[in-house]
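As structure tokens, the structure follows; a few thoughts come after it.
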Amino acid sequence: MNYLLLVAALMTTPAPDSVPARWAPLAAYLEAAVQRHAFPGAVVAVGRREGILFLHAVGRLDYEQGAAVTTRTAYDLASLTKVVGLTTAAMMLVDEGKLDLAAPVTRYVPAFAAGGDSVTVRHLLTHSSGLPAWRPFFQRVQSRDEMFALVNAEPLEAAPGARMAYSDLGAMLLTEAVEHLAGKRLDAFLASRLFGPLGMKDTRYLPPRSWLARIAPTEFDSTWRHRLVRGEVHDENSASMGGVSGHAGLFSTAPDLVRFVQMLMRGGTAQGRTGARTTARRRTDASGAGARLIRPETIALFTRVDRPGFSSRALGWDTPSENSSAGSRLSPGAFGHTGFTGTSIWVDPGQDLFVILLTNRVYPTRNNDLIREVRRQVADLAVEAAAGSPR
């Protein structure tokens with residue numbers, strides 16, 4: 001949609017009376033996006049290391065008679081699973097000395113045949129392994145084991161390190177490595193090591209039926225499941241694995257993701273004014289402020305560009321680039337990621353700012369790309385509104 005038309009829509013759509021004047025342009029923009037059918041509804045959270053500046057819900061769960069979206073609406077995170085779940089698990093295993101970024105993947109997944117010893121863990125995290133981006137393996141498998149077997153046998157399309165090609169297959173392979181080292185399935189590891197300590201009670205794989213009324217539906221699947229997808233992972237490959245994979249499968253809410261990003265911004269410390277209590281057995285940082293889940297040095301390593309000039313990728317995370325979902329006002333040192341269903345997270349330590357956007361833009365069909373411009377505008381409007389807010 002033409003940018004001038006977007007601005008016109010923003011200016012003619014009133015923001016709710018309860019929205020502070022500083023945040024009215026962002027609220028109005030999201031309302032206008034709903035009217036343009038960029039998505040049925042959305043939740044945005046903007047904040048700092050130790051507080052939330054703006055938490056706001058717009059729209060409905062669907063375009064028909066769905067309930068209104070609230071800040072507790074749960075969304076299918078899609079590929080945000082890669083950073084909230086899989087990458088964070090990798091950070092923890094690096095901290096423990098179990099996962100070596102320079103090691104060949106075969107050290108942890110001996111069945112991976114395609115790359116021999118030339119594909120490293122770092123290649124997987126930076127999407128430079130040479131593996132294909134995606135394959136419709138869900139059409140051929142009935143279990144996680146069958147999926148992993150296909151991934152392990154898939155030939156490389158390029159030499160490791162020669163190109164950046166965003167790869168779900170690489171994330172599935174890293175899932176195998178993480179589960180091998182953790183000694184348990186990824187969902188169990190994250191529940192005990194991340195979501196529990198942070199008090200993220202609304203974040204999990206395989207949400208229970210009791211959540212269904214507040215889960216945003218994703219897509220009318222007309223080719224495989226032949227029904228509306230709601231309360232189960234949208235991604236077909238993850239669904240064929242029982243809903244638990246490192247590339248997709250997590251559901252969460254904006255307040256829970258605030259807890260997560262603030263932990264990263266605090267250098268891996270779980271406890272804070274908006275953090276959760278943690279068990280006494282967790283490590284405590286030097287100031288006694290709370291339990292440390294990840295070392296600050298590890299967070300810094302994973303969130304900076306890995307090969308400047310080669311791609312914008314960090315380890316698991318992405319960084320701002322031309323026309324990316326980061327918009328134009330975040331610092332070069334920011335890091336973030338998106339999800340296919342219409343989700344995104346951006347964190348800017350330099351400006352002490354985060355922007356979380358959750359939508360179900362794939363409802364009722366994935367053939368809707370308005371989210372691309374919306375993400376950029378939301379990031380820019382959030383930075384503008386946050387300017388001058390207390391730090």
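FYI, nothing fancy with the structure tokens labels: chains A, B, ... in order, residues from 1 per chain, ligands from 1 as they appear.
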Name the residues of segment 133-243 of chain A that come out as strand (DSSP E or B) in a backbone DSSP run; write them as a short mmCIF file (atom, residue, chain, number, x, y, z; two decimals) with N, CA and C atoms, in the first residue's frame.
data_model
loop_
_atom_site.label_atom_id
_atom_site.label_comp_id
_atom_site.auth_asym_id
_atom_site.auth_seq_id
_atom_site.Cartn_x
_atom_site.Cartn_y
_atom_site.Cartn_z
N ARG A 204 4.55 -21.73 25.98
CA ARG A 204 4.78 -23.17 25.95
C ARG A 204 4.50 -23.71 24.54
N ILE A 215 -6.60 -17.94 22.26
CA ILE A 215 -5.56 -18.13 21.25
C ILE A 215 -6.05 -17.59 19.92
N PHE A 220 -6.96 -20.90 7.60
CA PHE A 220 -7.80 -21.96 7.07
C PHE A 220 -6.93 -22.80 6.15
N ASP A 221 -6.48 -23.94 6.64
CA ASP A 221 -5.60 -24.82 5.86
C ASP A 221 -6.45 -25.61 4.87
N ARG A 227 -8.91 -27.54 7.56
CA ARG A 227 -9.70 -26.93 8.63
C ARG A 227 -8.98 -25.69 9.13
N LEU A 228 -9.67 -24.95 9.99
CA LEU A 228 -9.04 -23.80 10.63
C LEU A 228 -8.01 -24.28 11.64
#
When distances are computed from only C-alpha atoms, which of A:Thr303, A:Thr81, A:Gln142, A:Asn360 shows the smallest separation from Gly333 of chain A? A:Thr303
Applying 8 Å and only C-alpha atoms, which residues near segment 339-348 of chain A remain after dropping the ones on its own chain fewer than 4 positions away? List them as an NGL selection string. :A and (76-80 or 218 or 234 or 261 or 326 or 330-331 or 333-335 or 352-362 or 366 or 371 or 375)
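Near Ala382 of chain A, within 7 Å and counting only C-alpha atoms, sit Leu26, Val46, Val378, Ala379, Ala385 and Ala386 of chain A; same-chain residues fewer than 3 positions away were not included.
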Keeping only C-alpha atoms, write those residues as a PDB file, in the first residue's frame.
ATOM      1  CA  LEU A  26       1.115   4.088  17.176  1.00  0.00           C
ATOM      2  CA  VAL A  46       7.222  -1.266  23.982  1.00  0.00           C
ATOM      3  CA  VAL A 378       5.506   0.100  14.188  1.00  0.00           C
ATOM      4  CA  ALA A 379       9.222   0.071  14.988  1.00  0.00           C
ATOM      5  CA  ALA A 385       7.067   7.800  20.949  1.00  0.00           C
ATOM      6  CA  ALA A 386       9.671   6.454  23.378  1.00  0.00           C
TER       7      ALA A 386
END
For a quick check of understanding, using only C-alpha atoms, which of A:Gln377, A:Pro296, A:Ala32, A:Gly350 has the smallest distance to Ser325 of chain A? A:Gln377
Could you give me, as a short mmCIF file (atom, residue, chain, number, x, y, z; two decimals) with C-alpha atoms, in the first residue's frame, the residues within 12 Å of Arg107 of chain A, counting only C-alpha atoms and dropping anything in the same chain fewer than 3 positions from it?
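Saved file result03.cif follows:
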data_model
loop_
_atom_site.label_atom_id
_atom_site.label_comp_id
_atom_site.auth_asym_id
_atom_site.auth_seq_id
_atom_site.Cartn_x
_atom_site.Cartn_y
_atom_site.Cartn_z
CA LYS A 98 28.58 -28.43 26.47
CA LEU A 99 28.01 -26.80 23.07
CA ASP A 100 31.03 -25.67 21.02
CA LEU A 101 30.10 -23.21 18.26
CA ALA A 102 33.15 -24.24 16.21
CA ALA A 103 32.49 -27.96 16.51
CA PRO A 104 31.18 -29.98 13.58
CA PRO A 110 26.44 -38.37 14.16
CA ALA A 111 23.58 -39.30 11.82
CA PHE A 112 23.93 -36.01 9.91
CA ALA A 113 25.57 -37.25 6.75
CA GLY A 116 30.44 -34.50 6.83
CA ASP A 117 32.45 -32.58 9.40
CA SER A 118 32.36 -29.32 7.43
CA VAL A 119 29.10 -27.96 8.85
CA THR A 120 29.57 -26.39 12.28
CA VAL A 121 27.14 -25.29 14.96
CA LEU A 174 20.26 -27.77 15.76
CA GLU A 176 18.67 -32.50 17.51
CA ALA A 177 22.01 -31.27 18.82
CA VAL A 178 20.44 -29.34 21.70
CA HIS A 180 21.22 -34.63 22.63
CA LEU A 181 23.20 -32.38 24.98
#
Taking the DSSP assignment computed from this structure's backbone, write out as a PyMOL selection string all residues of segment 126-303 of chain A that belong to helix (DSSP H, G or I). chain A and resi 137-139+144-153+168-182+186-198+209-214+236-240+254-265+296-303
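Of the residues under consideration (A:Val109, A:Gly130, A:Asn237, A:Ser222), A:Gly130 shows the shortest atom-to-atom contact distance to Ala165 of chain A when counting only C-alpha atoms.
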Selection: 8 Å around Thr175 of chain A, only C-alpha atoms, excl. self and same-chain fewer than 6 positions, as a list in words: Leu86, Leu186, Ser245 and Gly246 of chain A
Find the residues around Leu194 of chain A up to 10 Å (only C-alpha atoms counted), leave out those fewer than 6 positions away in its own chain, and share them as a PyMOL selection string. chain A and resi 84-85+88-89+92+188+200+260+270+293-294
Go through A:Trp317, A:Phe251, A:Phe138, A:Tyr108 one by one, measure the shortest atom-to-atom distance of each to Phe195 of chain A using only C-alpha atoms, and give the residue with the smallest value. A:Phe251
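Considering the residues A:Thr87, A:Ser210, A:Gln271, A:Thr203 and counting only C-alpha atoms, Met172 of chain A has its shortest atom-to-atom contact with A:Thr87.
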Could you tell me how far atom CA of Pro132 of chain A sits from atom CA of Glu157 of chain A, in Å to one decimal place?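 The value is 6.1 Å.
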From the options A:Ala213, A:Ala191, A:Ala27, A:Ala133, which residue's atoms come nearest to Phe54 of chain A, counting only C-alpha atoms?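 Closest residue, counting only C-alpha atoms: A:Ala27.
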